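Right, one structure below, let's go through it.
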Amino acid sequence: MVHVVIVGSVGLDDVKTPFGDVKGVLGGSATYASYASSFFAPTGLVAVVGEDLPGEHITILKNKGIDLSGIHRQGKNFRWSGYYEYDMNEAKTITTELNSLATFKPILPESYCAAPFLFLANLDPDSQLDVMSQVKRPKLVVMDTMNYWITSKKERLIEAIQGVDVLLVNDGEARQLFGTSNLIQAGKKALALGPKACVIKKGEHGALLFTHNSIFSASGYPLEIIKDPTGCGDCFGGGFVGFLAKTADLSEKNMRRAVVYGSTIASFNAEDFSFERLKHVTLQDIEGRFKEFKDIREF
Ligand code: AMP
């Protein structure tokens, strides 16, 4: 049975970084997130894909055992192109072609509606709200977003945030969304909207977890090879939700662990383009790096 439902985009990405460039590779928020979540818990993906999405891209997800019964095929696939400069923490979007994503009305398969964990990966807030109305009281609803939606649909986005348990945003987006340069203030403003927790991701510099009683600061993993950070935020989110689903423990202490597991998977993802690194990662690799994360923080 699917334990974690992930709704978001499946993308065809063109990405350029100082270390290479790729075209038409598998990307998308739901893709990376479901791959990361499936290391820990049975995961189902809800998304629209185009007729032009190559079969081999779907095979990557199938081989990982992700339930794909929530995939709907129609029209032309969502496409995103972007680049990174030497500061790899910020993706610069060149083009966003929504294509079939523009008219996407997510419909959850009946069997997904009672899944205990829901991750609304980066997607149109209208679709995120629509999905929330279809599920039967999950134990935990987590959502992510990005500047594209903050700029184009802020009011609907705020409505969506008011209905979730955990909000994930990166530092630049948190500043934009909450109109402050200070991340502590941004985290507090996020909690004031209703979520029990908020994670502000700081790229290679780690993440901050805000709950009503505490702030936890996780370090980043000291990676020597960062080829392409695309999808790291989504891997973080998927790993975070998947770990909470596996452990069925929503305490603040366990959320801290989930933050570090999410960061661990994201750090692997950054080592190569698209799914090239993740395809070879095992749960044992993840556990090994999780332990290293612990050692780095000890003082
Ligand atoms: P991340 O690097 O984790 O923030 O996410 C990167 C992924 O987000 C890429 O693989 C894109 O396909 C996808 N993406 C980019 N723009 C959007 C958007 N407006 N809505 C949904 N997904 C997007």
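Ordered as shown in the structure tokens, chains take letters A, B, and onward, while each chain numbers its residues from 1 and ligands are numbered from 1 in the order shown.
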Counting only C-alpha atoms and all ligand atoms, give me one row per residue of chain A with an atom at most 7 Å from an atom of ligand 1, showing the shortest contact pair and its distance in Å to one decimal, sorted by chain then residue number, as JSON lines.
{"residue": "A:Gly8", "atom": "CA", "partner": "ligand 1", "partner_atom_place_in_ligand_line": "21 (C)", "distance": 6.5}
{"residue": "A:Ser9", "atom": "CA", "partner": "ligand 1", "partner_atom_place_in_ligand_line": "22 (N)", "distance": 4.9}
{"residue": "A:Val10", "atom": "CA", "partner": "ligand 1", "partner_atom_place_in_ligand_line": "12 (O)", "distance": 6.4}
{"residue": "A:Gly11", "atom": "CA", "partner": "ligand 1", "partner_atom_place_in_ligand_line": "12 (O)", "distance": 4.1}
{"residue": "A:Leu12", "atom": "CA", "partner": "ligand 1", "partner_atom_place_in_ligand_line": "12 (O)", "distance": 6.2}
{"residue": "A:Asp13", "atom": "CA", "partner": "ligand 1", "partner_atom_place_in_ligand_line": "12 (O)", "distance": 5.5}
{"residue": "A:Gly27", "atom": "CA", "partner": "ligand 1", "partner_atom_place_in_ligand_line": "10 (O)", "distance": 3.5}
{"residue": "A:Gly28", "atom": "CA", "partner": "ligand 1", "partner_atom_place_in_ligand_line": "12 (O)", "distance": 3.4}
{"residue": "A:Ser29", "atom": "CA", "partner": "ligand 1", "partner_atom_place_in_ligand_line": "8 (O)", "distance": 4.6}
{"residue": "A:Arg79", "atom": "CA", "partner": "ligand 1", "partner_atom_place_in_ligand_line": "12 (O)", "distance": 6.5}
{"residue": "A:Trp80", "atom": "CA", "partner": "ligand 1", "partner_atom_place_in_ligand_line": "12 (O)", "distance": 5.2}
{"residue": "A:Thr96", "atom": "CA", "partner": "ligand 1", "partner_atom_place_in_ligand_line": "16 (N)", "distance": 6.2}
{"residue": "A:Asn122", "atom": "CA", "partner": "ligand 1", "partner_atom_place_in_ligand_line": "21 (C)", "distance": 5.0}
{"residue": "A:Leu123", "atom": "CA", "partner": "ligand 1", "partner_atom_place_in_ligand_line": "21 (C)", "distance": 4.5}
{"residue": "A:Asp124", "atom": "CA", "partner": "ligand 1", "partner_atom_place_in_ligand_line": "20 (N)", "distance": 6.5}
{"residue": "A:Met146", "atom": "CA", "partner": "ligand 1", "partner_atom_place_in_ligand_line": "4 (O)", "distance": 6.9}
{"residue": "A:Tyr148", "atom": "CA", "partner": "ligand 1", "partner_atom_place_in_ligand_line": "19 (N)", "distance": 5.3}
{"residue": "A:Trp149", "atom": "CA", "partner": "ligand 1", "partner_atom_place_in_ligand_line": "19 (N)", "distance": 6.6}
{"residue": "A:Pro229", "atom": "CA", "partner": "ligand 1", "partner_atom_place_in_ligand_line": "2 (O)", "distance": 6.1}
{"residue": "A:Thr230", "atom": "CA", "partner": "ligand 1", "partner_atom_place_in_ligand_line": "2 (O)", "distance": 3.7}
{"residue": "A:Gly231", "atom": "CA", "partner": "ligand 1", "partner_atom_place_in_ligand_line": "3 (O)", "distance": 3.3}
{"residue": "A:Cys232", "atom": "CA", "partner": "ligand 1", "partner_atom_place_in_ligand_line": "3 (O)", "distance": 4.5}
{"residue": "A:Gly233", "atom": "CA", "partner": "ligand 1", "partner_atom_place_in_ligand_line": "3 (O)", "distance": 3.5}
{"residue": "A:Asp234", "atom": "CA", "partner": "ligand 1", "partner_atom_place_in_ligand_line": "3 (O)", "distance": 4.1}
{"residue": "A:Cys235", "atom": "CA", "partner": "ligand 1", "partner_atom_place_in_ligand_line": "3 (O)", "distance": 6.7}
Write the selection just made, keeping N, CA, C and O atoms, as a JSON list (two decimals), in the first residue's frame?
[["chain", "number", "residue", "atom", "x", "y", "z"],
["A", 8, "GLY", "N", 3.29, 16.63, -7.92],
["A", 8, "GLY", "CA", 4.18, 17.70, -8.38],
["A", 8, "GLY", "C", 4.43, 17.58, -9.86],
["A", 8, "GLY", "O", 3.64, 16.98, -10.59],
["A", 9, "SER", "N", 5.56, 18.15, -10.29],
["A", 9, "SER", "CA", 5.86, 18.14, -11.72],
["A", 9, "SER", "C", 6.79, 16.99, -12.09],
["A", 9, "SER", "O", 7.57, 16.51, -11.26],
["A", 10, "VAL", "N", 6.65, 16.53, -13.35],
["A", 10, "VAL", "CA", 7.64, 15.64, -13.96],
["A", 10, "VAL", "C", 8.17, 16.45, -15.13],
["A", 10, "VAL", "O", 7.41, 16.84, -16.02],
["A", 11, "GLY", "N", 9.45, 16.78, -15.10],
["A", 11, "GLY", "CA", 9.96, 17.72, -16.08],
["A", 11, "GLY", "C", 10.93, 17.14, -17.08],
["A", 11, "GLY", "O", 11.58, 16.12, -16.83],
["A", 12, "LEU", "N", 11.01, 17.82, -18.21],
["A", 12, "LEU", "CA", 12.13, 17.60, -19.14],
["A", 12, "LEU", "C", 13.00, 18.84, -18.97],
["A", 12, "LEU", "O", 12.55, 19.94, -19.27],
["A", 13, "ASP", "N", 14.19, 18.65, -18.44],
["A", 13, "ASP", "CA", 15.03, 19.78, -18.06],
["A", 13, "ASP", "C", 16.22, 19.96, -19.00],
["A", 13, "ASP", "O", 16.83, 18.97, -19.44],
["A", 27, "GLY", "N", 13.63, 15.52, -14.98],
["A", 27, "GLY", "CA", 13.64, 16.42, -13.84],
["A", 27, "GLY", "C", 12.22, 16.51, -13.29],
["A", 27, "GLY", "O", 11.39, 15.64, -13.56],
["A", 28, "GLY", "N", 11.97, 17.56, -12.53],
["A", 28, "GLY", "CA", 10.61, 17.74, -11.99],
["A", 28, "GLY", "C", 10.59, 17.54, -10.50],
["A", 28, "GLY", "O", 11.34, 16.73, -9.95],
["A", 29, "SER", "N", 9.73, 18.32, -9.84],
["A", 29, "SER", "CA", 9.69, 18.27, -8.38],
["A", 29, "SER", "C", 9.21, 16.92, -7.84],
["A", 29, "SER", "O", 9.79, 16.38, -6.90],
["A", 79, "ARG", "N", 8.40, 21.63, -19.43],
["A", 79, "ARG", "CA", 9.84, 21.79, -19.68],
["A", 79, "ARG", "C", 10.39, 22.96, -18.89],
["A", 79, "ARG", "O", 9.74, 24.00, -18.81],
["A", 80, "TRP", "N", 11.56, 22.75, -18.33],
["A", 80, "TRP", "CA", 12.22, 23.83, -17.58],
["A", 80, "TRP", "C", 13.67, 23.90, -18.03],
["A", 80, "TRP", "O", 14.31, 22.87, -18.24],
["A", 96, "THR", "N", 10.33, 28.53, -18.60],
["A", 96, "THR", "CA", 9.40, 27.57, -17.98],
["A", 96, "THR", "C", 8.27, 27.38, -18.97],
["A", 96, "THR", "O", 7.55, 28.33, -19.28],
["A", 122, "ASN", "N", 6.63, 21.13, -5.28],
["A", 122, "ASN", "CA", 6.49, 22.39, -5.99],
["A", 122, "ASN", "C", 5.56, 22.27, -7.21],
["A", 122, "ASN", "O", 5.84, 21.51, -8.14],
["A", 123, "LEU", "N", 4.46, 23.00, -7.16],
["A", 123, "LEU", "CA", 3.43, 22.90, -8.20],
["A", 123, "LEU", "C", 2.50, 24.10, -8.05],
["A", 123, "LEU", "O", 2.55, 24.81, -7.03],
["A", 124, "ASP", "N", 1.65, 24.31, -9.02],
["A", 124, "ASP", "CA", 0.65, 25.38, -8.98],
["A", 124, "ASP", "C", -0.15, 25.26, -7.66],
["A", 124, "ASP", "O", -0.72, 24.20, -7.37],
["A", 146, "MET", "N", 8.03, 27.51, -4.96],
["A", 146, "MET", "CA", 9.20, 28.23, -5.50],
["A", 146, "MET", "C", 8.82, 29.63, -5.95],
["A", 146, "MET", "O", 7.63, 29.98, -5.99],
["A", 148, "TYR", "N", 8.54, 31.08, -8.72],
["A", 148, "TYR", "CA", 7.60, 31.19, -9.84],
["A", 148, "TYR", "C", 6.16, 31.37, -9.32],
["A", 148, "TYR", "O", 5.40, 32.21, -9.78],
["A", 149, "TRP", "N", 5.79, 30.57, -8.31],
["A", 149, "TRP", "CA", 4.42, 30.61, -7.77],
["A", 149, "TRP", "C", 4.25, 31.75, -6.77],
["A", 149, "TRP", "O", 3.15, 32.28, -6.62],
["A", 229, "PRO", "N", 22.97, 21.06, -8.76],
["A", 229, "PRO", "CA", 22.07, 20.98, -7.60],
["A", 229, "PRO", "C", 20.58, 20.88, -7.96],
["A", 229, "PRO", "O", 19.75, 20.85, -7.05],
["A", 230, "THR", "N", 20.25, 20.81, -9.25],
["A", 230, "THR", "CA", 18.83, 20.74, -9.62],
["A", 230, "THR", "C", 18.17, 19.55, -8.92],
["A", 230, "THR", "O", 18.68, 18.43, -8.98],
["A", 231, "GLY", "N", 17.05, 19.82, -8.29],
["A", 231, "GLY", "CA", 16.30, 18.74, -7.65],
["A", 231, "GLY", "C", 16.69, 18.51, -6.20],
["A", 231, "GLY", "O", 16.07, 17.70, -5.50],
["A", 232, "CYS", "N", 17.71, 19.24, -5.71],
["A", 232, "CYS", "CA", 18.14, 18.99, -4.32],
["A", 232, "CYS", "C", 17.02, 19.34, -3.33],
["A", 232, "CYS", "O", 16.79, 18.62, -2.35],
["A", 233, "GLY", "N", 16.30, 20.44, -3.59],
["A", 233, "GLY", "CA", 15.20, 20.82, -2.71],
["A", 233, "GLY", "C", 14.12, 19.76, -2.69],
["A", 233, "GLY", "O", 13.54, 19.44, -1.64],
["A", 234, "ASP", "N", 13.87, 19.17, -3.84],
["A", 234, "ASP", "CA", 12.83, 18.13, -3.94],
["A", 234, "ASP", "C", 13.30, 16.84, -3.28],
["A", 234, "ASP", "O", 12.52, 16.14, -2.62],
["A", 235, "CYS", "N", 14.59, 16.52, -3.46],
["A", 235, "CYS", "CA", 15.14, 15.33, -2.79],
["A", 235, "CYS", "C", 15.06, 15.52, -1.28],
["A", 235, "CYS", "O", 14.75, 14.59, -0.54]]
From range 211-297 of chain A, collect each residue whose DSSP state is strand (DSSP E) and return the set as a list in words.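 Assigned to strand (DSSP E), within range 211-297 of chain A: Thr211, Ile215, Phe216, Ser217 and Ala218 of chain A.
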Take the residues just selected and output them with all heavy atoms as a CSV table (one decimal), in the first residue's frame.
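Ended up saving to result_7.csv:
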chain,number,residue,atom,x,y,z
A,211,THR,N,10.0,25.1,14.8
A,211,THR,CA,8.7,24.6,15.3
A,211,THR,C,8.3,25.7,16.3
A,211,THR,O,9.0,26.7,16.6
A,211,THR,CB,8.8,23.3,16.1
A,211,THR,OG1,9.8,23.4,17.1
A,211,THR,CG2,9.2,22.1,15.1
A,215,ILE,N,14.2,26.1,17.5
A,215,ILE,CA,14.8,26.2,16.1
A,215,ILE,C,16.0,25.2,16.1
A,215,ILE,O,16.8,25.2,17.0
A,215,ILE,CB,15.4,27.7,15.9
A,215,ILE,CG1,14.2,28.7,16.0
A,215,ILE,CG2,16.1,27.8,14.6
A,215,ILE,CD1,14.7,30.1,15.9
A,216,PHE,N,16.1,24.5,15.0
A,216,PHE,CA,17.2,23.5,14.9
A,216,PHE,C,18.0,23.9,13.6
A,216,PHE,O,17.4,24.2,12.6
A,216,PHE,CB,16.6,22.1,14.7
A,216,PHE,CG,17.6,21.1,14.2
A,216,PHE,CD1,18.8,20.8,15.0
A,216,PHE,CD2,17.4,20.4,13.0
A,216,PHE,CE1,19.7,19.8,14.5
A,216,PHE,CE2,18.3,19.5,12.6
A,216,PHE,CZ,19.5,19.2,13.3
A,217,SER,N,19.3,23.9,13.7
A,217,SER,CA,20.1,24.3,12.6
A,217,SER,C,20.9,23.1,12.1
A,217,SER,O,21.8,22.6,12.9
A,217,SER,CB,21.0,25.5,13.0
A,217,SER,OG,22.0,25.7,12.0
A,218,ALA,N,20.7,22.6,10.9
A,218,ALA,CA,21.4,21.5,10.4
A,218,ALA,C,22.5,22.0,9.5
A,218,ALA,O,22.3,22.9,8.7
A,218,ALA,CB,20.5,20.5,9.6
Surrounding residues of His205 in chain A excluding itself and chain neighbours under 4 positions, 12 Å, only C-alpha atoms, as a PDB file with N, CA and C atoms, in the first residue's frame:
ATOM      1  N   ASP A  87      28.177  30.365  -7.897  1.00  0.00           N
ATOM      2  CA  ASP A  87      27.376  30.195  -6.693  1.00  0.00           C
ATOM      3  C   ASP A  87      26.221  29.271  -7.076  1.00  0.00           C
ATOM      4  N   MET A  88      26.390  28.001  -6.713  1.00  0.00           N
ATOM      5  CA  MET A  88      25.424  27.005  -7.187  1.00  0.00           C
ATOM      6  C   MET A  88      24.159  26.966  -6.326  1.00  0.00           C
ATOM      7  N   ASN A  89      24.031  27.924  -5.403  1.00  0.00           N
ATOM      8  CA  ASN A  89      22.860  27.872  -4.528  1.00  0.00           C
ATOM      9  C   ASN A  89      21.620  28.440  -5.185  1.00  0.00           C
ATOM     10  N   ASN A 170      13.084  27.493   0.245  1.00  0.00           N
ATOM     11  CA  ASN A 170      14.507  27.806   0.372  1.00  0.00           C
ATOM     12  C   ASN A 170      14.669  29.244   0.861  1.00  0.00           C
ATOM     13  N   ASP A 171      15.896  29.608   1.184  1.00  0.00           N
ATOM     14  CA  ASP A 171      16.121  30.897   1.850  1.00  0.00           C
ATOM     15  C   ASP A 171      15.657  32.091   1.010  1.00  0.00           C
ATOM     16  N   ILE A 200      13.504  25.988   6.395  1.00  0.00           N
ATOM     17  CA  ILE A 200      14.111  26.886   5.402  1.00  0.00           C
ATOM     18  C   ILE A 200      15.425  26.246   4.955  1.00  0.00           C
ATOM     19  N   LYS A 201      15.458  25.905   3.659  1.00  0.00           N
ATOM     20  CA  LYS A 201      16.624  25.215   3.093  1.00  0.00           C
ATOM     21  C   LYS A 201      17.630  26.271   2.630  1.00  0.00           C
ATOM     22  N   SER A 217      19.276  23.936  13.729  1.00  0.00           N
ATOM     23  CA  SER A 217      20.099  24.312  12.581  1.00  0.00           C
ATOM     24  C   SER A 217      20.920  23.110  12.143  1.00  0.00           C
ATOM     25  N   ALA A 218      20.653  22.610  10.919  1.00  0.00           N
ATOM     26  CA  ALA A 218      21.408  21.468  10.400  1.00  0.00           C
ATOM     27  C   ALA A 218      22.494  21.992   9.479  1.00  0.00           C
ATOM     28  N   SER A 219      23.658  21.380   9.580  1.00  0.00           N
ATOM     29  CA  SER A 219      24.740  21.823   8.698  1.00  0.00           C
ATOM     30  C   SER A 219      24.550  21.216   7.312  1.00  0.00           C
ATOM     31  N   GLY A 220      25.275  21.759   6.350  1.00  0.00           N
ATOM     32  CA  GLY A 220      25.289  21.150   5.029  1.00  0.00           C
ATOM     33  C   GLY A 220      26.397  20.107   5.000  1.00  0.00           C
ATOM     34  N   TYR A 221      26.342  19.179   4.058  1.00  0.00           N
ATOM     35  CA  TYR A 221      27.402  18.175   3.940  1.00  0.00           C
ATOM     36  C   TYR A 221      28.552  18.786   3.133  1.00  0.00           C
ATOM     37  N   PRO A 222      29.789  18.678   3.624  1.00  0.00           N
ATOM     38  CA  PRO A 222      30.896  19.329   2.904  1.00  0.00           C
ATOM     39  C   PRO A 222      31.282  18.600   1.619  1.00  0.00           C
ATOM     40  N   LEU A 223      30.491  18.792   0.588  1.00  0.00           N
ATOM     41  CA  LEU A 223      30.714  18.098  -0.689  1.00  0.00           C
ATOM     42  C   LEU A 223      31.861  18.736  -1.459  1.00  0.00           C
ATOM     43  N   SER A 263      18.686  16.106   3.812  1.00  0.00           N
ATOM     44  CA  SER A 263      19.926  16.756   3.366  1.00  0.00           C
ATOM     45  C   SER A 263      20.904  15.721   2.801  1.00  0.00           C
ATOM     46  N   ALA A 266      19.820  14.821  -0.686  1.00  0.00           N
ATOM     47  CA  ALA A 266      20.071  15.974  -1.552  1.00  0.00           C
ATOM     48  C   ALA A 266      21.558  16.088  -1.881  1.00  0.00           C
ATOM     49  N   SER A 267      22.404  15.789  -0.903  1.00  0.00           N
ATOM     50  CA  SER A 267      23.846  15.923  -1.146  1.00  0.00           C
ATOM     51  C   SER A 267      24.320  14.921  -2.207  1.00  0.00           C
TER      52      SER A 267
END
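The shell of residues at most 10 Å from Ile66 in chain A, with only C-alpha atoms counted and near chain neighbours (fewer than 3 positions) removed, consists of Val2, Thr31, Ser34, Tyr35, Ser37, Ser38, Phe39, Ala41, Pro42, Thr43, Gly44, Leu45, Ile60, Leu61, Lys62, Asn63 and Ser69 of chain A.
Nearest to Lys246 in chain A of all the residues A:Tyr112, A:Ser127, A:Phe117, A:Ser133 is A:Phe117, based on only C-alpha atoms.
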Could the residues of range 37-104 of chain A that have an atom at most 6 Å from range 15-18 of chain A be listed as CSV, each with its closest atom pair and the distance in Å to one decimal, counting only C-alpha atoms and ordered by chain and ascending residue number?
residue,atom,partner,partner_atom,distance
A:Ser81,CA,A:Val15,CA,5.8
A:Gly82,CA,A:Val15,CA,5.2
A:Tyr83,CA,A:Lys16,CA,4.6
A:Tyr84,CA,A:Thr17,CA,4.9
